[in-house]
Amino acid sequence: MIPRLCSEEMARQFRMETLSPNSAILDKTRELCTLILQSGEYRDNVSKIDAFFNDKTAQSAYRNFSKLGESLHQKQHAGELTQADIEGYDKEMAALRNNPVTASFMDAEETLNGIVSQVSKLVGKALELGRLPEPEELSDGCCNSGGCGCN
């Protein structure tokens, strides 16, 4: 008989949450989520996303562009990517950027992902340092002045 690789007890432990449902950390996280959801940044960007999902033509163009990107990614891995492929991709990207609905959607998506990234980075850095990080500790290692050769 082959032993089970994962007992019921182990499976239960893996499913267990790190924080209890009534944890002060989760309460503050819920407050942060509420603040984000009520912010102008969130509402403005969600309205752009909603406009995109109400525009079937914009969705189709974006879907086709995504498929093109996947295809070119496969070509790149196979060593078959050509300059014409890259130019075609750039042309399609420009067309999406010239459409106000898809451009707004792409910008909104980037902004919301940026909010998630920024909050996550702040929390992660605080846990790493054991204190609130200073703004310069949150930079990506670039001095932004160009003096270090990063610009």
# chains A, B, ... in the order shown; residues from 1 in each chain; ligands from 1
$ residues_around --residues "stretch 117-132 of chain A" --least-positions-apart "4" --cutoff "12 Å" --atoms "only C-alpha atoms" --output "list in words"
Ile25, Thr29, Leu32, Cys33, Ile36, Glu110, Thr111, Leu112, Asn113, Glu136, Glu137, Leu138, Ser139 and Asp140 of chain A
$ residues_around --residues "stretch 92-94 of chain A" --least-positions-apart "6" --cutoff "12 Å" --atoms "only C-alpha atoms" --output "PyMOL selection string"
chain A and resi 61-69+85-86+100+102-103+106
$ select_by_dssp --residues "chain A" --states "helix (DSSP H, G or I)" --output "ChimeraX atom specification"
/A:8-15,24-38,40-53,56-78,83-98,100-129,135-138
$ atom_distance --atom1 "atom CA of A:Ala108" --atom2 "atom CA of A:Lys48"
6.5 Å
$ decode --residues "stretch 36-75 of chain A" --atoms "N, CA and C atoms" --output "compact mmCIF listing (two decimals), in the first residue's frame"
# COMPACT_ATOMS: atom_id res chain seq x y z
N ILE A 36 -9.43 52.76 0.29
CA ILE A 36 -9.08 52.68 -1.13
C ILE A 36 -10.33 52.68 -2.00
N LEU A 37 -11.32 51.87 -1.62
CA LEU A 37 -12.55 51.77 -2.41
C LEU A 37 -13.33 53.08 -2.45
N GLN A 38 -13.16 53.91 -1.44
CA GLN A 38 -13.85 55.20 -1.38
C GLN A 38 -13.04 56.33 -2.01
N SER A 39 -11.80 56.05 -2.37
CA SER A 39 -10.92 57.10 -2.90
C SER A 39 -11.32 57.50 -4.31
N GLY A 40 -11.01 58.72 -4.64
CA GLY A 40 -11.25 59.20 -5.99
C GLY A 40 -10.43 58.45 -7.03
N GLU A 41 -9.20 58.08 -6.66
CA GLU A 41 -8.35 57.34 -7.59
C GLU A 41 -9.00 56.03 -7.99
N TYR A 42 -9.54 55.33 -7.01
CA TYR A 42 -10.18 54.05 -7.30
C TYR A 42 -11.44 54.26 -8.14
N ARG A 43 -12.31 55.15 -7.70
CA ARG A 43 -13.58 55.36 -8.41
C ARG A 43 -13.37 55.84 -9.84
N ASP A 44 -12.42 56.76 -10.03
CA ASP A 44 -12.15 57.26 -11.39
C ASP A 44 -11.68 56.13 -12.31
N ASN A 45 -10.82 55.30 -11.79
CA ASN A 45 -10.27 54.22 -12.61
C ASN A 45 -11.28 53.11 -12.85
N VAL A 46 -12.11 52.82 -11.88
CA VAL A 46 -13.15 51.80 -12.08
C VAL A 46 -14.15 52.27 -13.13
N SER A 47 -14.45 53.57 -13.17
CA SER A 47 -15.38 54.06 -14.19
C SER A 47 -14.78 53.89 -15.59
N LYS A 48 -13.45 54.03 -15.71
CA LYS A 48 -12.80 53.81 -17.01
C LYS A 48 -12.86 52.33 -17.39
N ILE A 49 -12.69 51.46 -16.41
CA ILE A 49 -12.77 50.03 -16.66
C ILE A 49 -14.19 49.63 -17.04
N ASP A 50 -15.16 50.20 -16.35
CA ASP A 50 -16.57 49.94 -16.69
C ASP A 50 -16.89 50.38 -18.12
N ALA A 51 -16.39 51.54 -18.51
CA ALA A 51 -16.62 52.03 -19.88
C ALA A 51 -16.05 51.05 -20.90
N PHE A 52 -14.88 50.51 -20.61
CA PHE A 52 -14.26 49.52 -21.49
C PHE A 52 -15.14 48.28 -21.60
N PHE A 53 -15.65 47.78 -20.47
CA PHE A 53 -16.47 46.56 -20.50
C PHE A 53 -17.85 46.78 -21.11
N ASN A 54 -18.21 48.03 -21.31
CA ASN A 54 -19.46 48.34 -22.00
C ASN A 54 -19.25 48.62 -23.49
N ASP A 55 -18.02 48.50 -23.96
CA ASP A 55 -17.68 48.77 -25.36
C ASP A 55 -17.14 47.49 -25.99
N LYS A 56 -17.98 46.77 -26.71
CA LYS A 56 -17.60 45.48 -27.30
C LYS A 56 -16.49 45.63 -28.34
N THR A 57 -16.48 46.73 -29.07
CA THR A 57 -15.45 46.95 -30.08
C THR A 57 -14.08 47.12 -29.41
N ALA A 58 -14.05 47.89 -28.33
CA ALA A 58 -12.79 48.09 -27.60
C ALA A 58 -12.31 46.77 -27.00
N GLN A 59 -13.23 45.99 -26.46
CA GLN A 59 -12.87 44.69 -25.89
C GLN A 59 -12.28 43.76 -26.95
N SER A 60 -12.89 43.75 -28.11
CA SER A 60 -12.42 42.90 -29.19
C SER A 60 -11.01 43.31 -29.64
N ALA A 61 -10.80 44.61 -29.79
CA ALA A 61 -9.48 45.10 -30.19
C ALA A 61 -8.42 44.74 -29.14
N TYR A 62 -8.77 44.88 -27.89
CA TYR A 62 -7.83 44.56 -26.81
C TYR A 62 -7.54 43.06 -26.76
N ARG A 63 -8.59 42.26 -26.94
CA ARG A 63 -8.44 40.80 -26.95
C ARG A 63 -7.53 40.37 -28.10
N ASN A 64 -7.73 40.95 -29.27
CA ASN A 64 -6.89 40.62 -30.43
C ASN A 64 -5.44 41.03 -30.19
N PHE A 65 -5.25 42.17 -29.56
CA PHE A 65 -3.90 42.63 -29.24
C PHE A 65 -3.24 41.68 -28.24
N SER A 66 -3.99 41.21 -27.26
CA SER A 66 -3.45 40.26 -26.27
C SER A 66 -3.03 38.97 -26.95
N LYS A 67 -3.85 38.49 -27.89
CA LYS A 67 -3.50 37.28 -28.64
C LYS A 67 -2.24 37.49 -29.46
N LEU A 68 -2.12 38.66 -30.06
CA LEU A 68 -0.92 38.99 -30.84
C LEU A 68 0.30 38.96 -29.93
N GLY A 69 0.18 39.54 -28.74
CA GLY A 69 1.28 39.54 -27.79
C GLY A 69 1.70 38.14 -27.40
N GLU A 70 0.72 37.26 -27.17
CA GLU A 70 1.02 35.86 -26.83
C GLU A 70 1.73 35.16 -27.99
N SER A 71 1.25 35.41 -29.18
CA SER A 71 1.86 34.81 -30.37
C SER A 71 3.31 35.26 -30.54
N LEU A 72 3.54 36.55 -30.36
CA LEU A 72 4.90 37.06 -30.50
C LEU A 72 5.81 36.55 -29.39
N HIS A 73 5.25 36.36 -28.22
CA HIS A 73 6.04 35.80 -27.11
C HIS A 73 6.51 34.39 -27.48
N GLN A 74 5.61 33.61 -28.06
CA GLN A 74 5.99 32.25 -28.48
C GLN A 74 7.03 32.29 -29.59
N LYS A 75 6.85 33.23 -30.53
CA LYS A 75 7.84 33.37 -31.61
C LYS A 75 9.20 33.75 -31.06
